[in-house]
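Notes to accompany the following structure.
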Amino acid sequence: MDNLLEKIRNTTDYLMNEGIINPEIGIILGTGLSKLVDEIRIIKCIDYADIPDFPVSTVESHHGKLIFGELSGKKVLAMQGRFHYYEGYTMQQITFPVRVMNSLGVKYLIVSNACGSLNSEYKKGELMLLTDHINLLGSNPLLGKNYDELGPRFPDMSKPYSPFLNQKIIEIATREKIPLYQGVYTAVPGPNLESRAEYRYLRFIGADVVGMSTIPEILVSHHMGLQSAAISVITDECDPDNLEPVDIKTILSVAAIAEKKLTKIVIELVKDI
């Protein structure tokens with residue numbers, strides 16, 4: 001993507017002309033996690049298909065809309081639906097919206113996802129705050145030409161998840177009496193779920209949950225110096241010795257139950273920062 005900077009400028013100009021001015025906080029809503037939009041006082045809603053150089057979400061549960069509005073008194077820019085590697089997009093396409101958020105002035109990024117639990121103590125229907133990750137997607141959005149205007153060639157990854165935001169989230173969960181695990185997220189390409197042997201391997205290397213997203217957006221966000229946090233909704237339990245078949249309908253139903261807790265945390269987090 002040799003003309004990345006030009007594409008960012010063109011898309012930024014388009015969105016600003018559509019009235020998206022000075023958003024403070026970016027939000028990416030994962031699988032089955034779109035109800036937060038109901039809490040936003042919407043100023044502008046744009047279909048991804050109408051935005052220059054934006055991919056179009058092909059996943060049924062992802063609505064494919066960029067929403068600008070006010071939440072807890074702050075201007076937010078929310079992606080109602082994200083893009084995944086398994087949809088056939090490049091890592092640069094998947095993370096392009098985060099580049100644009102940064103160009104528009106976003107300072108904080110909040111990411112959510114649905115995931116499977118590898119840690120036997122982490123139960124479905126609960127939330128996990130990401131403290132670290134293991135990238136098993138087989139690619140990286142920072143491959144290729146580096147633009148110094150965007151970030152360094154070799155970004156440090158000792159703290160990819162903002163200690164400031166994570167501490168705020170922990171305090172909110174405690175205050176609101178919302179159970180909140182903390183742990184390591186790993187991402188695999190998908191779209192299939194994992195085999196028994198793969199679940200054993202992922203747990204052995206130190207992952208607490210597994211999903212198919214989030215890490216690319218965090219890498220790019222961190223590359224540009226944004227403060228980022230991510231919360232997983234655990235939708236299924238991946239015990240290789242007692243593995244039950246799971247389908248997307250079940251995953252979405254569990255996500256819907258847990259998303260009330262996630263929504264509460266995000267509303268309070270936006271208010272606190």
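Note on naming: chains are A, B, ... as they come in the structure tokens, residues start from 1 per chain, ligands start from 1 in the order shown.
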
- [ ] Tell me which protein, DNA and RNA residues are within 10 Å of Asn140 of chain A, counting only C-alpha atoms, leaving out same-chain ones fewer than 4 positions away, and put them as a PyMOL selection string.
- [x] chain A and resi 90-92+135-136+144+215-216+219-220

TODO: Could you find all residues in segment 88-249 of chain A that DSSP calls strand (DSSP E) from the backbone, and write them as an MDAnalysis selection string?
DONE: chainID A and resid 108:117 127:135 180:187 209:211 227:237

Task: Test item: residues at most 8 Å from Lys123 of chain A, only C-alpha atoms, excluding those fewer than 6 positions along its chain, as a ChimeraX atom specification - done: /A:117,234,236-237

Can you list, as a PDB file with N, CA and C atoms, in the first residue's frame, every protein, DNA or RNA residue that comes within 7 Å of Ser112 of chain A when you count only C-alpha atoms, leaving out same-chain residues fewer than 2 positions away?
ATOM      1  N   ILE A  28     -14.175   0.022  18.786  1.00  0.00           N
ATOM      2  CA  ILE A  28     -14.402  -1.037  17.805  1.00  0.00           C
ATOM      3  C   ILE A  28     -15.232  -2.127  18.469  1.00  0.00           C
ATOM      4  N   LEU A  29     -16.404  -2.387  17.893  1.00  0.00           N
ATOM      5  CA  LEU A  29     -17.341  -3.346  18.474  1.00  0.00           C
ATOM      6  C   LEU A  29     -17.236  -4.676  17.753  1.00  0.00           C
ATOM      7  N   GLY A  30     -17.022  -5.745  18.518  1.00  0.00           N
ATOM      8  CA  GLY A  30     -16.803  -7.067  17.950  1.00  0.00           C
ATOM      9  C   GLY A  30     -18.075  -7.859  17.735  1.00  0.00           C
ATOM     10  N   ILE A 110     -10.781   1.900  22.298  1.00  0.00           N
ATOM     11  CA  ILE A 110     -11.366   0.823  23.092  1.00  0.00           C
ATOM     12  C   ILE A 110     -11.852  -0.255  22.125  1.00  0.00           C
ATOM     13  N   ALA A 230      -8.507  -3.313  25.498  1.00  0.00           N
ATOM     14  CA  ALA A 230      -9.370  -4.285  24.837  1.00  0.00           C
ATOM     15  C   ALA A 230     -10.018  -5.200  25.870  1.00  0.00           C
ATOM     16  N   ILE A 231     -11.291  -5.496  25.640  1.00  0.00           N
ATOM     17  CA  ILE A 231     -12.051  -6.383  26.519  1.00  0.00           C
ATOM     18  C   ILE A 231     -12.666  -7.494  25.680  1.00  0.00           C
ATOM     19  N   SER A 232     -12.473  -8.730  26.129  1.00  0.00           N
ATOM     20  CA  SER A 232     -13.052  -9.890  25.460  1.00  0.00           C
ATOM     21  C   SER A 232     -14.321 -10.346  26.180  1.00  0.00           C
TER      22      SER A 232
END

Open item on the list: Taking 4 positions as the minimum chain separation for residues in the same chain, which residues sit within 10 Å of Tyr14 of chain A when counting only C-alpha atoms? Answer as a list in words.
Closed with: Ile8, Arg9, Asn10, Glu18, Gly19, Ile20, Asp50, Ile51 and Pro52 of chain A

- [ ] Once DSSP has gone over the backbone, tell me which residues of segment 17-253 of chain A are in helix (DSSP H, G or I), as an MDAnalysis selection string.
- [x] chainID A and resid 17 35:39 48:50 85:87 91:104 163:175 196:204 215:223 240:242 248:253

Open item on the list: Applying 12 Å and only C-alpha atoms, which residues near Gly151 of chain A remain after dropping the ones on its own chain fewer than 4 positions away? List them as a ChimeraX atom specification.
Closed with: /A:99,102,142,145-147,155-156,219-226

With C-alpha atoms retained, write the just-selected residues as an mmCIF file, in the first residue's frame.
data_model
loop_
_atom_site.group_PDB
_atom_site.id
_atom_site.type_symbol
_atom_site.label_atom_id
_atom_site.label_comp_id
_atom_site.auth_asym_id
_atom_site.auth_seq_id
_atom_site.Cartn_x
_atom_site.Cartn_y
_atom_site.Cartn_z
ATOM 1 C CA ARG A 99 -5.173 4.923 10.979
ATOM 2 C CA ASN A 102 -5.848 8.706 14.567
ATOM 3 C CA LEU A 142 3.333 -3.170 10.198
ATOM 4 C CA LYS A 145 7.254 0.370 4.154
ATOM 5 C CA ASN A 146 7.225 2.280 7.443
ATOM 6 C CA TYR A 147 5.977 5.850 7.451
ATOM 7 C CA PRO A 155 7.739 -0.112 18.026
ATOM 8 C CA ASP A 156 8.309 -1.353 21.565
ATOM 9 C CA LEU A 219 -0.525 -3.154 16.887
ATOM 10 C CA VAL A 220 -1.396 -0.234 14.635
ATOM 11 C CA SER A 221 -2.891 1.817 17.461
ATOM 12 C CA HIS A 222 0.224 1.291 19.569
ATOM 13 C CA HIS A 223 2.445 2.073 16.576
ATOM 14 C CA MET A 224 0.815 5.522 16.349
ATOM 15 C CA GLY A 225 0.981 6.219 20.078
ATOM 16 C CA LEU A 226 -2.707 5.878 20.906
#

- [ ] Just the residues within 12 Å of Asp38 of chain A, please, counting only C-alpha atoms, with nothing from its chain fewer than 6 positions along; format it as an MDAnalysis selection string.
- [x] chainID A and resid 67 69:71 78 80 260 263 267

Set out as JSON lines a contact list for segment 46-125 of chain A and segment 192-213 of chain A with a cut-off of 7 Å, giving each residue of segment 46-125 of chain A that qualifies its closest atom pair and distance in Å to one decimal, counting only C-alpha atoms, ordered by chain and rising residue number.
{"residue": "A:His84", "atom": "CA", "partner": "A:Ser213", "partner_atom": "CA", "distance": 6.1}
{"residue": "A:Ala114", "atom": "CA", "partner": "A:Gly211", "partner_atom": "CA", "distance": 6.8}
{"residue": "A:Cys115", "atom": "CA", "partner": "A:Gly211", "partner_atom": "CA", "distance": 4.7}
{"residue": "A:Gly116", "atom": "CA", "partner": "A:Val210", "partner_atom": "CA", "distance": 5.3}
{"residue": "A:Ser117", "atom": "CA", "partner": "A:Val209", "partner_atom": "CA", "distance": 4.4}
{"residue": "A:Leu118", "atom": "CA", "partner": "A:Asp208", "partner_atom": "CA", "distance": 5.0}
{"residue": "A:Asn119", "atom": "CA", "partner": "A:Asp208", "partner_atom": "CA", "distance": 4.9}

Could the residues in this selection be saved with C-alpha atoms as a short mmCIF file (atom, residue, chain, number, x, y, z; two decimals), in the first residue's frame?
data_model
loop_
_atom_site.label_atom_id
_atom_site.label_comp_id
_atom_site.auth_asym_id
_atom_site.auth_seq_id
_atom_site.Cartn_x
_atom_site.Cartn_y
_atom_site.Cartn_z
CA HIS A 84 -11.08 -9.90 9.90
CA ALA A 114 -15.83 -12.38 21.28
CA CYS A 115 -13.48 -15.21 22.22
CA GLY A 116 -13.19 -18.75 23.52
CA SER A 117 -11.80 -19.54 26.95
CA LEU A 118 -8.66 -21.69 27.20
CA ASN A 119 -8.24 -21.10 30.93
#
